[in-house]
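**Student:** Quick one: this structure, given as structure tokens, is what I'll be asking you about.
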6 protein chains.
Amino acid sequence: MPRLSDVIAELDALWPPERAEQWDAVGTVAGYPDAEVSRVLFAVDPVQEIVDEAVRLGADLLVTHHPLYLRGTTTVAAGHFKGRVVHDLIKNDIALHVAHTNADTADPGVSDALAGALDLRVVRPLVPDDSDPSGRRGLGRVCELDHPLTLRDFAEHAAKRLPATAQGIRVAGNPDALVRTVAVSGGSGDSLFDAVRATGADAFLTADLRHHPVSEATQGSPLGLVDAAHWATEWPWCELAAAQLDEISDRHGWDLRVHVSKTVTDPWTAHAASTTTAGAPN
Amino acid sequence: MPRLSDVIAELDALWPPERAEQWDAVGTVAGYPDAEVSRVLFAVDPVQEIVDEAVRLGADLLVTHHPLYLRGTTTVAAGHFKGRVVHDLIKNDIALHVAHTNADTADPGVSDALAGALDLRVVRPLVPDDSDPSGRRGLGRVCELDHPLTLRDFAEHAAKRLPATAQGIRVAGNPDALVRTVAVSGGSGDSLFDAVRATGADAFLTADLRHHPVSEATQGSPLGLVDAAHWATEWPWCELAAAQLDEISDRHGWDLRVHVSKTVTDPWTAHAASTTTAGAPN
Amino acid sequence: MPRLSDVIAELDALWPPERAEQWDAVGTVAGYPDAEVSRVLFAVDPVQEIVDEAVRLGADLLVTHHPLYLRGTTTVAAGHFKGRVVHDLIKNDIALHVAHTNADTADPGVSDALAGALDLRVVRPLVPDDSDPSGRRGLGRVCELDHPLTLRDFAEHAAKRLPATAQGIRVAGNPDALVRTVAVSGGSGDSLFDAVRATGADAFLTADLRHHPVSEATQGSPLGLVDAAHWATEWPWCELAAAQLDEISDRHGWDLRVHVSKTVTDPWTAHAASTTTAGAPN
Amino acid sequence: MPRLSDVIAELDALWPPERAEQWDAVGTVAGYPDAEVSRVLFAVDPVQEIVDEAVRLGADLLVTHHPLYLRGTTTVAAGHFKGRVVHDLIKNDIALHVAHTNADTADPGVSDALAGALDLRVVRPLVPDDSDPSGRRGLGRVCELDHPLTLRDFAEHAAKRLPATAQGIRVAGNPDALVRTVAVSGGSGDSLFDAVRATGADAFLTADLRHHPVSEATQGSPLGLVDAAHWATEWPWCELAAAQLDEISDRHGWDLRVHVSKTVTDPWTAHAASTTTAGAPN
Amino acid sequence: MPRLSDVIAELDALWPPERAEQWDAVGTVAGYPDAEVSRVLFAVDPVQEIVDEAVRLGADLLVTHHPLYLRGTTTVAAGHFKGRVVHDLIKNDIALHVAHTNADTADPGVSDALAGALDLRVVRPLVPDDSDPSGRRGLGRVCELDHPLTLRDFAEHAAKRLPATAQGIRVAGNPDALVRTVAVSGGSGDSLFDAVRATGADAFLTADLRHHPVSEATQGSPLGLVDAAHWATEWPWCELAAAQLDEISDRHGWDLRVHVSKTVTDPWTAHAASTTTAGAPN
Amino acid sequence: MPRLSDVIAELDALWPPERAEQWDAVGTVAGYPDAEVSRVLFAVDPVQEIVDEAVRLGADLLVTHHPLYLRGTTTVAAGHFKGRVVHDLIKNDIALHVAHTNADTADPGVSDALAGALDLRVVRPLVPDDSDPSGRRGLGRVCELDHPLTLRDFAEHAAKRLPATAQGIRVAGNPDALVRTVAVSGGSGDSLFDAVRATGADAFLTADLRHHPVSEATQGSPLGLVDAAHWATEWPWCELAAAQLDEISDRHGWDLRVHVSKTVTDPWTAHAASTTTAGAPN
């Protein structure tokens with residue numbers, strides 16, 4: 001049975017921590033390096049429901065995409081919900097490891113998994129990583145559809161293919177415009193609008209968009225925007241990552257049990273459609 | 001017929017510019033001070049569709065909630081969509097005036113109009129303005145419902161009472177929790193979570209919420225969150241403001257024609273509900 | 001007849017905007033890109049007198065050296081003198097374009113025109129632009145006189161050759177020192193003293209000098225300083241630039257009418273010489 | 001005979017160092033505290049010519065308005081002109097003391113002396129010092145003329161009454177406008193334009209003005225600007241200060257010999273008037 | 001048996017967290033709020049040896065003066081020595097609580113305990129806390145000796161009375177000067193030199209002094225400096241704090257077992273005296 | 001007899017000022033460039049005792065390692081101890097020159113002299129200067145011992161070989177650990193811990209260490225730390241530098257008299273060993 005340090009060494013080879021953004025906080029968050037690992041759980045968010053699931057499963061290692069502490073903390077006291085996560089992990093001998101922006105830009109990475117879930121053909125990174133001679137690593141992906149769809153139909157397609165969430169999919173721009181090329185970026189992509197426009201993509205699928213950037217983007221260009229639940233855009237990566245670890249386990253003869261959490265940790269729990277007719281009331 | 005400077009003086013009395021936030025950009029953006037004003041249009045966003053509507057109406061003055069330029073510009077050339085707004089306004093003798101955070105905190109202000117649209121009883125400001133001895137001015141409003149509703153039913157109620165938009169209403173937190181007191185804040189309210197928790201409100205209705213703040217808020221407390229379209233939360237203020245200017249016009253015998261735009265400038269144009277069963281696909 | 005965008009493309013080839021300083025604000029400030037252009041006016045300052053002159057001339061395009069807005073503005077309301085310039089330009093269908101530090105360092109540029117007006121032989125840039133392999137672009141010019149002059153005589157020469165202004169020419173340093181080489185820089189050159197000293201020039205002609213830098217420069221070195229009116233040092237560039245545009249117009253068969261404003265926009269309107277004897281009163 | 005520390009204690013009572021601006025560097029710059037003082041020289045600038053004059057006079061103390069080091073130095077080596085000033089002072093047993101912005105705002109202070117030299121009646125400070133209950137201390141002075149003069153005539157008057165300099169007096173604004181009230185501020189006053197406009201003064205006399213602030217001030221308001229040599233606006237204070245120290249010496253029976261330097265340290269040494277006709281050459 | 005939250009509430013009453021410095025990190029670092037507490041250990045440093053001691057003792061709560069994490073961390077993985085402390089605490093059900101600058105300035109606080117260990121009579125705080133009307137809280141203490149001692153003898157006295165450490169006591173300044181009043185400050189006090197000089201104290205006892213501040217302090221004033229081991233100056237507070245908690249336990253009938261660690265965690269483990277004669281070698 | 005400027009030119013060749021750290025202040029601090037130099041004194045600190053010694057010796061030039069003014073000053077008045085140093089130097093015709101971080105990293109430099117005093121074999125710089133192709137310049141030195149010593153014995157060795165000081169030598173880490181390689185850095189080296197660990201050295205000898213960095217370093221690694229008096233670690237450089245100048249003097253036939261001060265300017269003047277038994281008192 002491998003030690004935690006053995007497993008982490010392989011995960012770091014997949015997603016080297018030094019490729020994370022400066023502001024990010026990736027790597028191992030809890031766990032003794034020489035603890036034995038036999039069962040691993042992958043999830044998007046290191047929240048209490050996921051820790052509870054890991055305890056029930058008997059997992060020794062939880063790997064999440066989002067950091068528990070993005071900004072530094074000086075306390076892990078259990079009176080705060082993050083401190084309780086730390087206590088419950090350590091009391092139950094579960095290590096926690098985070099692969100965030102180093103997984104976003106990996107090859108294959110978060111946006112490859114997202115494109116795969118949407119049946120899109122990846123052409124190249126949206127923001128290539130200059131240090132990668134193969135030209136395959138980088139933030140986001142520029143993709144092609146096999147057959148053009150209207151923006152509205154592309155959104156319906158995404159609603160069918162991504163994990164179900166209460167928020168669904170929001171669309172900005174002309175719903176009848178034809179989409180042939182689409183940029184995708186798992187998570188919050190509103191800092192990438194300039195890069196998307198530079199590619200000439202017809203649409204951009206990402207998450208967490210807000211009024212002002214969306215209003216300015218659609219006033220200033222014909223770009224279509226497709227906003228999915230943040231969690232739903234990153235969940236496909238968990239399946240990809242679990243498969244990568246399975247393959248590693250086989251190679252080493254580690255006999256790991258690797259799981260992907262199906263718990264929806266997107267915080268939106270319900271949705272109510274507008275029931276008046278479109279526009280302001282008379 | 002009043003001059004632009006006469007009308008602005010009255011608007012500045014309603015929403016004194018010095019009460020805007022430091023980072024904000026309120027006041028008159030275009031127009032000769034001594035131009036005559038007979039027709040006024042109120043709207044949330046100073047976008048091209050609204051300018052076109054003002055031209056069609058023959059308006060002399062457009063009053064919007066959102067600034068055209070929140071950050072300073074060194075050019076108004078018409079090759080950019082904001083410069084085109086400036087050119088079209090000036091060529092058509094339409095002045096533009098902005099009341100933004102000075103209208104948010106006014107008494108009555110943006111969140112009063114929002115509470116009114118939702119049939120809520122305003123109790124006090126969410127973040128009181130210390131310089132107001134009456135204790136009525138400030139950011140957001142803490143409100144009471146006449147009869148408790150579940151969070152889900154409150155969202156359905158909001159979906160019925162706010163102007164219709166493609167995005168509808170999103171809910172975070174336990175949909176079955178009872179809501180007796182609710183804080184509301186027109187526009188992007190995610191910087192107000194601490195203030196909301198300090199009031200002990202059961203729910204908070206605002207706009208432009210994102211994954212991480214919402215996830216942390218619901219992990220760390222039982223607060224219910226209700227996210228409406230940004231535009232929909234601020235549109236009720238246009239009707240309030242128009243009524244205030246009508247009253248002023250009557251008082252001065254100005255005989256102004258005051259309009260409220262019904263054009264939906266919320267950028268979300270379509271929505272697709274998730275069609276798989278809840279949770280991640282098997 | 002060319003479109004504004006056609007003319008701007010040629011001006012941008014003469015003075016590429018990306019060669020302007022980071023803090024500068026150059027390029028097109030007002031105008032619809034597809035407006036037709038038949039008459040152009042060049043001037044140093046985008047002030048009301050110049051706009052009035054452009055209106056009288058029937059110009060379609062005003063090109064100035066100084067930006068209208070060096071720092072960003074969030075309003076162009078006509079109650080402020082700069083907003084009135086914007087309104088008067090747009091109402092009269094006059095575009096405004098600025099070439100400032102990108103014209104200063106051009107080849108030929110502002111200091112070449114200044115050297116030409118003073119009959120100086122340009123040797124090289126004062127602060128060469130490292131990205132120019134020809135070694136001709138850069139800030140300021142180092143020049144030689146055909147025959148040495150005393151600093152006093154050189155100032156008299158400048159007073160004769162530059163456009164007349166109320167301020168005249170001020171001299172610091174020993175008036176009887178011989179000047180063989182002189183550095184020149186149109187506009188405010190007091191940040192260039194170190195560069196001038198490094199060239200070994202005998203004198204430096206520029207504008208807008210102040211007590212402390214001048215006192216320190218003359219206490220610390222034998223450099224002679226010659227201070228002309230800011231406007232007068234930059235006006236010669238207008239004639240150069242107009243000739244460049246005339247040539248372009250001929251080449252394209254555009255038949256443009258190109259004018260140079262003779263209005264003095266230097267703000268100094270009068271001068272009174274000291275009438276006591278030199279030194280402090282007894 | 002008093003010690004240096006005795007004399008400094010009296011000068012600090014006239015111009016308390018803690019009233020200087022944060023960025024300023026006032027107080028004693030050189031000298032042993034217990035050296036005896038019998039001869040004092042007042043001057044505007046601590047430059048070599050003034051040190052040479054102090055040596056010739058046999059002065060024990062030089063008091064200047066301008067700091068020798070406004071920004072900190074880590075060396076006083078005599079290879080630099082300021083270090084040579086330090087060496088020559090110490091070798092010749094001459095102390096140096098600076099009263100700068102603490103003298104500007106004193107009552108009486110630098111602008112009182114300037115107003116006195118110009119025969120103006122001081123009404124109040126331009127920027128009052130809030131900590132002074134008498135309302136007399138502060139930056140600049142607002143003054144009245146006994147009889148209105150045109151701006152041009154006021155400049156001629158200033159040219160007659162201030163110490164003679166090569167630069168003379170420059171005027172911006174309408175030379176024929178009538179001046180009844182005038183603000184004055186010794187030294188560089190261009191940061192005070194807003195304060196001057198708030199007083200409603202017809203004109204502002206100060207020094208070191210530059211193209212852009214002057215152009216904007218005269219484009220945006222009818223204010224007349226009068227620019228004298230920096231040194232000339234501050235020299236009158238030397239006579240005032242010397243008289244104050246004479247009175248102190250008499251009071252204590254110190255028998256000090258107090259001198260005011262008549263050396264012109266304004267760096268402008270010559271002036272050449274424009275000899276073409278007004279405006280740009282044809 | 002009290003809960004952790006009950007005990008913390010009493011500790012927070014002794015040393016309110018809001019009285020800590022802005023840059024400090026005090027309060028509970030680990031532990032479930034509702035865990036039961038029967039045994040408490042006080043120590044200066046939250047290092048591994050102390051955690052091991054707490055485990056051996058069967059302590060439920062460790063209270064230290066120094067924070068475990070002064071700057072925020074994003075990981076508590078046990079591969080790092082601080083993460084191992086966190087793991088060992090949580091695995092062994094030991095909570096960690098920190099009282100640092102809030103204990104320094106308390107009444108009684110760290111410097112009171114230090115003065116007590118040295119038999120000094122406390123007169124007042126060195127830097128009083130303006131918000132304390134009693135004038136007793138604040139940083140450091142100014143003390144009097146019953147009988148004057150030379151600086152050398154005072155250092156010998158301190159060497160006898162403070163817990164023994166390898167470094168011993170260092171003295172700067174004239175060893176034969178008489179000491180009547182002495183300022184003391186537990187921990188690193190070199191930012192307090194100005195405050196000490198303002199009190200007129202003859203000597204200052206603190207820790208962690210370095211060459212340049214000490215050289216400048218003794219060159220510029222006759223102040224004597226006494227530098228003890230950082231740990232030794234703060235250890236006396238552990239005994240004081242333990243006694244305070246014992247009294248609280250009695251008052252509530254909690255029957256707590258309260259211990260003070262005697263483990264020396266000062267990092268200096270050995271000392272070698274100079275064996276050449278004083279001064280540089282010949 | 002050489003001029004000061006001749007001697008400085010040679011010293012600048014040994015320790016080029018441009019190789020000093022950005023925050024440092026090296027070079028000539030006082031002196032006329034053309035003064036004659038016949039006698040030179042080297043010392044670590046430019047303090048009054050050293051100036052007095054230079055006066056007694058009749059030195060024309062004092063060369064120190066530490067700057068007189070590390071941060072800029074705006075006054076050299078003799079009421080402050082540093083100003084008195086300036087006055088006494090200038091009155092006695094003694095120039096002052098500083099070689100600080102440019103001497104630290106020189107080849108040979110401060111840490112070479114320190115290694116030599118300790119009989120260590122220098123292997124390479126601790127932090128190499130990338131701009132030196134020979135790989136010999138840089139901060140600190142990594143050294144080897146001829147025969148392994150325990151950390152305790154290495155400290156006793158250092159106590160014997162370095163100039164005697166009151167503080168002696170402090171040791172952190174296991175005193176019985178064997179030391180084969182040791183990094184040394186004259187002066188305050190606590191910013192170099194990471195570099196030392198990267199070399200795998202067994203111990204690090206430097207000065208001015210404090211509780212928290214030392215505690216963290218020894219908790220987190222087996223590195224032994226040896227803390228000597230700051231002055232003692234830099235004094236050996238004075239002998240090295242004096243020998244270098246002697247050689248230069250011979251080469252030029254200057255016949256300089258070069259001295260090294262033996263005055264101990266380490267500020268610690270006495271030491272008292274702990275006299276209780278090890279650990280906290282019972």
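As shown in the structure tokens, the chain order sets the letters A, B, ...; within each chain, residues go from 1, and ligands are also counted from 1 in the order they appear.
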Write down as a PyMOL selection string the residues of segment 88-261 of chain E whose backbone DSSP state falls under strand (DSSP E or B).

**Tutor:** chain E and resi 95-98+121-128+138-150+164+169-172+178-188+203-207+224-228+257-260

**Student:** Write out as a ChimeraX atom specification the set of residues from segment 84-259 of chain A that DSSP, computed on the backbone, places in helix (DSSP H, G or I).

**Tutor:** /A:84-91,101-104,110-117,151-161,190-199,211-220,230-252

**Student:** Would you list the contacts of segment 227-235 of chain C as a PDB file with N, CA and C atoms, in the first residue's frame, taking every protein, DNA or RNA residue within 6 Å and counting only C-alpha atoms, but skipping same-chain residues closer than 2 positions in sequence?

**Tutor:**
ATOM      1  N   PRO C 163       8.015  81.632 -32.657  1.00  0.00           N
ATOM      2  CA  PRO C 163       6.812  82.471 -32.671  1.00  0.00           C
ATOM      3  C   PRO C 163       6.833  83.419 -31.485  1.00  0.00           C
ATOM      4  N   ILE C 169      12.100  84.960 -23.786  1.00  0.00           N
ATOM      5  CA  ILE C 169      13.056  83.891 -23.502  1.00  0.00           C
ATOM      6  C   ILE C 169      13.803  84.212 -22.214  1.00  0.00           C
ATOM      7  N   ARG C 170      13.900  83.225 -21.310  1.00  0.00           N
ATOM      8  CA  ARG C 170      14.666  83.403 -20.078  1.00  0.00           C
ATOM      9  C   ARG C 170      15.965  82.606 -20.164  1.00  0.00           C
ATOM     10  N   GLY C 186      11.064  70.200 -27.088  1.00  0.00           N
ATOM     11  CA  GLY C 186       9.813  70.951 -27.066  1.00  0.00           C
ATOM     12  C   GLY C 186       9.032  70.617 -25.810  1.00  0.00           C
ATOM     13  N   GLY C 187       8.410  71.629 -25.194  1.00  0.00           N
ATOM     14  CA  GLY C 187       7.615  71.404 -23.997  1.00  0.00           C
ATOM     15  C   GLY C 187       8.454  71.385 -22.737  1.00  0.00           C
ATOM     16  N   LEU C 205      17.718  74.152 -24.471  1.00  0.00           N
ATOM     17  CA  LEU C 205      16.545  74.991 -24.695  1.00  0.00           C
ATOM     18  C   LEU C 205      15.290  74.141 -24.531  1.00  0.00           C
ATOM     19  N   THR C 206      14.422  74.579 -23.629  1.00  0.00           N
ATOM     20  CA  THR C 206      13.172  73.872 -23.396  1.00  0.00           C
ATOM     21  C   THR C 206      12.191  74.882 -22.790  1.00  0.00           C
ATOM     22  N   ALA C 207      11.157  74.402 -22.061  1.00  0.00           N
ATOM     23  CA  ALA C 207      10.145  75.323 -21.529  1.00  0.00           C
ATOM     24  C   ALA C 207       9.733  74.898 -20.126  1.00  0.00           C
ATOM     25  N   TRP C 237       6.137  72.253 -34.847  1.00  0.00           N
ATOM     26  CA  TRP C 237       5.739  70.919 -35.252  1.00  0.00           C
ATOM     27  C   TRP C 237       4.445  70.940 -36.062  1.00  0.00           C
ATOM     28  N   CYS C 238       3.537  71.881 -35.766  1.00  0.00           N
ATOM     29  CA  CYS C 238       2.264  71.939 -36.501  1.00  0.00           C
ATOM     30  C   CYS C 238       2.532  72.129 -37.993  1.00  0.00           C
ATOM     31  N   ASP C 266      -0.480  80.239 -26.098  1.00  0.00           N
ATOM     32  CA  ASP C 266       0.339  80.351 -24.897  1.00  0.00           C
ATOM     33  C   ASP C 266      -0.448  81.214 -23.916  1.00  0.00           C
TER      34      ASP C 266
END

**Student:** My list of candidates is A:Gly173, A:Gly79, A:Gly140, A:Pro222. Which is closest to chain B when distances are computed with only C-alpha atoms?

**Tutor:**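 Looking only at the distances to chain B, the closest residue turns out to be A:Gly173.
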
**Student:** Based on only C-alpha atoms, which of the residues in chain C come within 7 Å of chain B? I want them as a list in words.

**Tutor:** Ala25, Thr28, Val29, Ala30, Gly31, Tyr32, Pro33, Tyr69, Leu70, Arg71, Gly72, Thr73, Thr74, Thr75, Val76, Ala77, Ala78, Gly79, His87, Ile90 and Lys91 of chain C

**Student:** To one decimal place, how far is atom CA of Asp104 of chain D from atom CA of Phe193 of chain C in Å?

**Tutor:**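 That distance, rounded to one decimal, is 29.0 Å.
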
**Student:** Go ahead and compute the interatomic distance for atom CA of Asp119 of chain A and atom CA of Val171 of chain A, in Å to one decimal.

**Tutor:**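 Interatomic distance, atom CA of Asp119 of chain A to atom CA of Val171 of chain A: 18.9 Å.
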
**Student:** Measure the distance from atom CA of Pro213 of chain A to atom CA of Thr105 of chain A in Å and round it to one decimal.

**Tutor:**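 Straight-line distance from atom CA of Pro213 of chain A to atom CA of Thr105 of chain A works out to 23.5 Å.
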
**Student:** Which polymer residues have any atom within 10 Å of an atom of Trp268 of chain E, counting only C-alpha atoms, with same-chain residues fewer than 6 positions away left out, as a PyMOL selection string?

**Tutor:** (chain E and resi 165-168+229+231) or (chain F and resi 170-175+210-211+214-215+218+225-227)

**Student:** For the residues selected in the previous step, produce a file with C-alpha atoms as a CSV table (one decimal), in the first residue's frame.

**Tutor:**
chain,number,residue,atom,x,y,z
E,165,THR,CA,19.3,30.2,29.8
E,166,ALA,CA,22.4,29.5,27.8
E,167,GLN,CA,22.7,33.0,26.5
E,168,GLY,CA,22.6,34.8,29.9
E,229,ALA,CA,16.8,35.7,26.4
E,231,TRP,CA,11.9,33.2,26.4
F,170,ARG,CA,25.8,31.8,21.3
F,171,VAL,CA,24.8,28.4,19.9
F,172,ALA,CA,21.4,27.0,18.8
F,173,GLY,CA,20.7,23.4,17.8
F,174,ASN,CA,22.2,20.2,19.1
F,175,PRO,CA,25.6,21.1,20.6
F,210,ARG,CA,16.7,36.7,17.2
F,211,HIS,CA,14.3,34.3,19.0
F,214,VAL,CA,16.2,30.9,15.4
F,215,SER,CA,13.4,28.9,17.0
F,218,THR,CA,15.9,24.8,14.7
F,225,LEU,CA,23.4,28.2,14.4
F,226,VAL,CA,26.4,30.1,15.8
F,227,ASP,CA,25.8,33.8,16.7

**Student:** Which one is closest to Pro46 of chain E: E:Trp254, E:Phe204, E:Phe81, E:Trp23? Count only C-alpha atoms.

**Tutor:**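 Smallest separation from Pro46 of chain E among the options: E:Phe81.
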
**Student:** Measuring atom to atom with only C-alpha atoms, identify which of E:Gly253, E:Pro108, E:Gly138, E:Gly116 is nearest to Met1 of chain E.

**Tutor:**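 Among the listed residues, the smallest separation from Met1 of chain E belongs to E:Gly253.
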
**Student:** Taking 2 positions as the minimum chain separation for residues in the same chain, which residues sit within 9 Å of Val142 of chain F when counting only C-alpha atoms? Answer as a compact mmCIF listing (two decimals) with C-alpha atoms, in the first residue's frame.

**Tutor:**
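Listed below is the output, result19.txt:
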# COMPACT_ATOMS: atom_id res chain seq x y z
CA ARG F 121 38.52 26.57 3.74
CA VAL F 122 36.23 28.65 1.47
CA VAL F 123 34.43 26.50 -1.12
CA ARG F 124 32.10 29.00 -2.79
CA PRO F 125 29.79 31.95 -2.13
CA LEU F 126 26.63 31.28 -0.16
CA GLY F 140 28.48 34.83 2.54
CA GLU F 144 34.78 23.26 5.01
CA THR F 181 30.62 22.24 6.43
CA VAL F 182 29.72 25.65 7.71
CA ALA F 183 28.29 28.73 6.05
CA VAL F 184 29.52 32.11 7.31
CA VAL F 196 22.07 28.03 3.94
CA THR F 199 23.64 24.21 0.60
CA ALA F 201 25.70 23.06 5.47
CA PHE F 204 25.78 28.77 9.97
